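For reference, the structure is listed below as structure tokens.
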Amino acid sequence: MKFGKYLFVYLSVLSLSGCGTFVPDLRDWPNNATDAQSQAMVQGIVRAIRCELRNAVTSTVDADIRSAIENKTAPSSEFLNNWGAEVALTLTVSEKTNVAPDVSWTPPTSSANIFTVAGGIGGFAEATRIEKMNFFYTIRDLYLRSAERCEFKRDPSLGSLLIVSDLKIGSVLNSRINTTALGQAPVPSEGKQNVLSHQVTFEVVSAANLNLAWTLERASINPAGNLFSTNRHRTHDLLVTFGPLDGAQNGQSLIAIAEQSHATSQIASGVANGFRTALSR
């Protein structure tokens, strides 16, 4: 009986010294040994997003120009000359460890009177790390001239689905330009109806658990409990907001309504992630 008691104490202390009791690494094991590995992932994500933006803008504008030449009409993408893109990257990592052993004990009793005592203890530790980055580009800066290229390696070893996946950024630009070209909507001008937003979120959850049980003469240790469990929850979120440049700021930011839309989307995303994290507990 003493052996089981000491073993439970040891496992509890050992478990709580792991996930959830220190600041989580951005990278997953075994690629989290150095800060340089985490920085390599972040730089890979930023480069991938920038290249995806540049390639999306360029291919969309070039396709519209070709279509305009063929149909002998004015390009529908000219409004993008005075637009920009606000980019928000949010990396969230949450780690949790839970320990919940239980014990049942049957003292010496007569055959006519059977008495059993059962009980359990539990505890958990959780740590969350959130890193946010914001970038601003003008569409003119993103557009690739004839001799320019923006290439990157979709390397899965860098540890983010934002790097290996097609982020479909061009679809929101194509949709707006085609809507104008087909006469379904006017050419965008400054106003709330002309803000374009594109958001991509990847969530990856890893979990593990361990159950150990002992049956002694008069006691059962952890007969049905979840002795130890741990999980790691990673969310990589990308938000891109396109909108007209603010002339009052010398074109270094979007107009107020676009900036407000961008901030509101970030708040909504943060609240949604909070709810998801709470529900996963």
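We name chains A, B, ... following the order of the structure tokens; residues begin at 1 in each chain, and ligands are numbered from 1 as shown.
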Nearby residues (only C-alpha atoms) at most 9 Å from segment 162-166 of chain A, same-chain spacing under 4 positions excluded, as a PyMOL selection string: chain A and resi 41+44-49+52+152-156+158+200-202+236-238
DSSP-assigned alpha helix (DSSP H) members of segment 139-178 of chain A, reported as a list in words: Ile139, Arg140, Asp141, Leu142, Leu161, Leu162, Ile163, Val164, Ile169, Gly170, Ser171, Val172, Leu173, Asn174, Ser175, Arg176, Ile177 and Asn178 of chain A
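From atom CA of Glu131 of chain A back to atom CA of Tyr143 of chain A, the distance works out to 28.3 Å.
Near Pro244 of chain A, within 7 Å and counting only C-alpha atoms, sit Asn82, Trp83, Gly84, Glu190, Leu254 and Ile255 of chain A; same-chain residues fewer than 6 positions away were not included.
Note that atom CA of Leu89 of chain A and atom CA of Ala268 of chain A are 14.2 Å apart.
Counting only C-alpha atoms and comparing A:Leu26, A:Ala36, A:Val93, A:Val240, the residue that lies closest to Ile169 of chain A is A:Val240.
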Test item: residues at most 12 Å from Ser59 of chain A, only C-alpha atoms, excluding those fewer than 5 positions along its chain, as a ChimeraX atom specification: /A:51-54,64-66,77,142-146,149,169-171,173-174
Can I get the selected residues back with N, CA and C atoms, as a JSON list (two decimals), in the first residue's frame?
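Writing the result to again-v1.json gives the following:
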```json
[["chain", "number", "residue", "atom", "x", "y", "z"],
["A", 51, "CYS", "N", 5.27, 36.00, -50.30],
["A", 51, "CYS", "CA", 5.31, 35.49, -51.67],
["A", 51, "CYS", "C", 3.91, 35.12, -52.16],
["A", 52, "GLU", "N", 3.09, 34.55, -51.29],
["A", 52, "GLU", "CA", 1.71, 34.23, -51.68],
["A", 52, "GLU", "C", 0.97, 35.51, -52.05],
["A", 53, "LEU", "N", 1.16, 36.57, -51.27],
["A", 53, "LEU", "CA", 0.53, 37.85, -51.59],
["A", 53, "LEU", "C", 1.02, 38.41, -52.92],
["A", 54, "ARG", "N", 2.33, 38.41, -53.12],
["A", 54, "ARG", "CA", 2.90, 38.97, -54.35],
["A", 54, "ARG", "C", 2.45, 38.18, -55.57],
["A", 64, "ASP", "N", -6.31, 40.00, -65.51],
["A", 64, "ASP", "CA", -7.31, 41.03, -65.82],
["A", 64, "ASP", "C", -6.86, 41.89, -66.99],
["A", 65, "ILE", "N", -5.56, 42.22, -67.06],
["A", 65, "ILE", "CA", -5.05, 43.03, -68.17],
["A", 65, "ILE", "C", -5.17, 42.26, -69.49],
["A", 66, "ARG", "N", -4.84, 40.98, -69.46],
["A", 66, "ARG", "CA", -4.98, 40.17, -70.68],
["A", 66, "ARG", "C", -6.43, 40.10, -71.13],
["A", 77, "SER", "N", -9.00, 46.03, -62.76],
["A", 77, "SER", "CA", -8.16, 45.95, -61.56],
["A", 77, "SER", "C", -7.41, 47.24, -61.27],
["A", 142, "LEU", "N", 3.69, 45.08, -53.85],
["A", 142, "LEU", "CA", 3.52, 43.63, -53.98],
["A", 142, "LEU", "C", 3.59, 43.16, -55.42],
["A", 143, "TYR", "N", 3.21, 44.01, -56.35],
["A", 143, "TYR", "CA", 3.14, 43.58, -57.76],
["A", 143, "TYR", "C", 4.55, 43.28, -58.30],
["A", 144, "LEU", "N", 4.69, 42.13, -58.92],
["A", 144, "LEU", "CA", 5.96, 41.68, -59.47],
["A", 144, "LEU", "C", 6.10, 42.15, -60.92],
["A", 145, "ARG", "N", 7.16, 42.89, -61.19],
["A", 145, "ARG", "CA", 7.44, 43.29, -62.57],
["A", 145, "ARG", "C", 7.94, 42.10, -63.36],
["A", 146, "SER", "N", 8.13, 42.29, -64.64],
["A", 146, "SER", "CA", 8.42, 41.18, -65.55],
["A", 146, "SER", "C", 9.66, 40.39, -65.16],
["A", 149, "ARG", "N", 10.74, 37.76, -59.38],
["A", 149, "ARG", "CA", 10.16, 36.49, -58.97],
["A", 149, "ARG", "C", 10.11, 36.45, -57.44],
["A", 169, "ILE", "N", -5.15, 33.24, -51.47],
["A", 169, "ILE", "CA", -5.32, 34.68, -51.34],
["A", 169, "ILE", "C", -5.86, 35.30, -52.63],
["A", 170, "GLY", "N", -5.46, 34.73, -53.76],
["A", 170, "GLY", "CA", -5.91, 35.30, -55.03],
["A", 170, "GLY", "C", -7.40, 35.21, -55.25],
["A", 171, "SER", "N", -8.08, 34.27, -54.57],
["A", 171, "SER", "CA", -9.50, 34.07, -54.83],
["A", 171, "SER", "C", -10.33, 35.28, -54.45],
["A", 173, "LEU", "N", -9.35, 38.44, -54.42],
["A", 173, "LEU", "CA", -9.11, 39.50, -55.41],
["A", 173, "LEU", "C", -9.81, 39.19, -56.71],
["A", 174, "ASN", "N", -9.71, 37.95, -57.16],
["A", 174, "ASN", "CA", -10.38, 37.55, -58.41],
["A", 174, "ASN", "C", -11.88, 37.75, -58.32]]
```
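When atom CA of Ala40 of chain A is paired with atom CA of Arg27 of chain A, their separation reads 9.7 Å.
Every residue of segment 136-215 of chain A found in strand (DSSP E or B) when DSSP is run on the backbone appears here: Phe136, Tyr137, Thr138, Leu196, Ser197, His198, Gln199, Val200, Thr201, Phe202, Glu203, Val204, Val205, Ser206, Ala207, Ala208, Asn209, Leu210, Trp214 and Thr215 of chain A.
Near Glu203 of chain A, within 8 Å and counting only C-alpha atoms, sit His233, Arg234, Thr235 and His236 of chain A; same-chain residues fewer than 4 positions away were not included.
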Of the listed residues A:Ser76, A:Asn211, A:Ser197, A:Asn55, that which approaches Glu151 of chain A most closely, counting only C-alpha atoms: A:Asn55
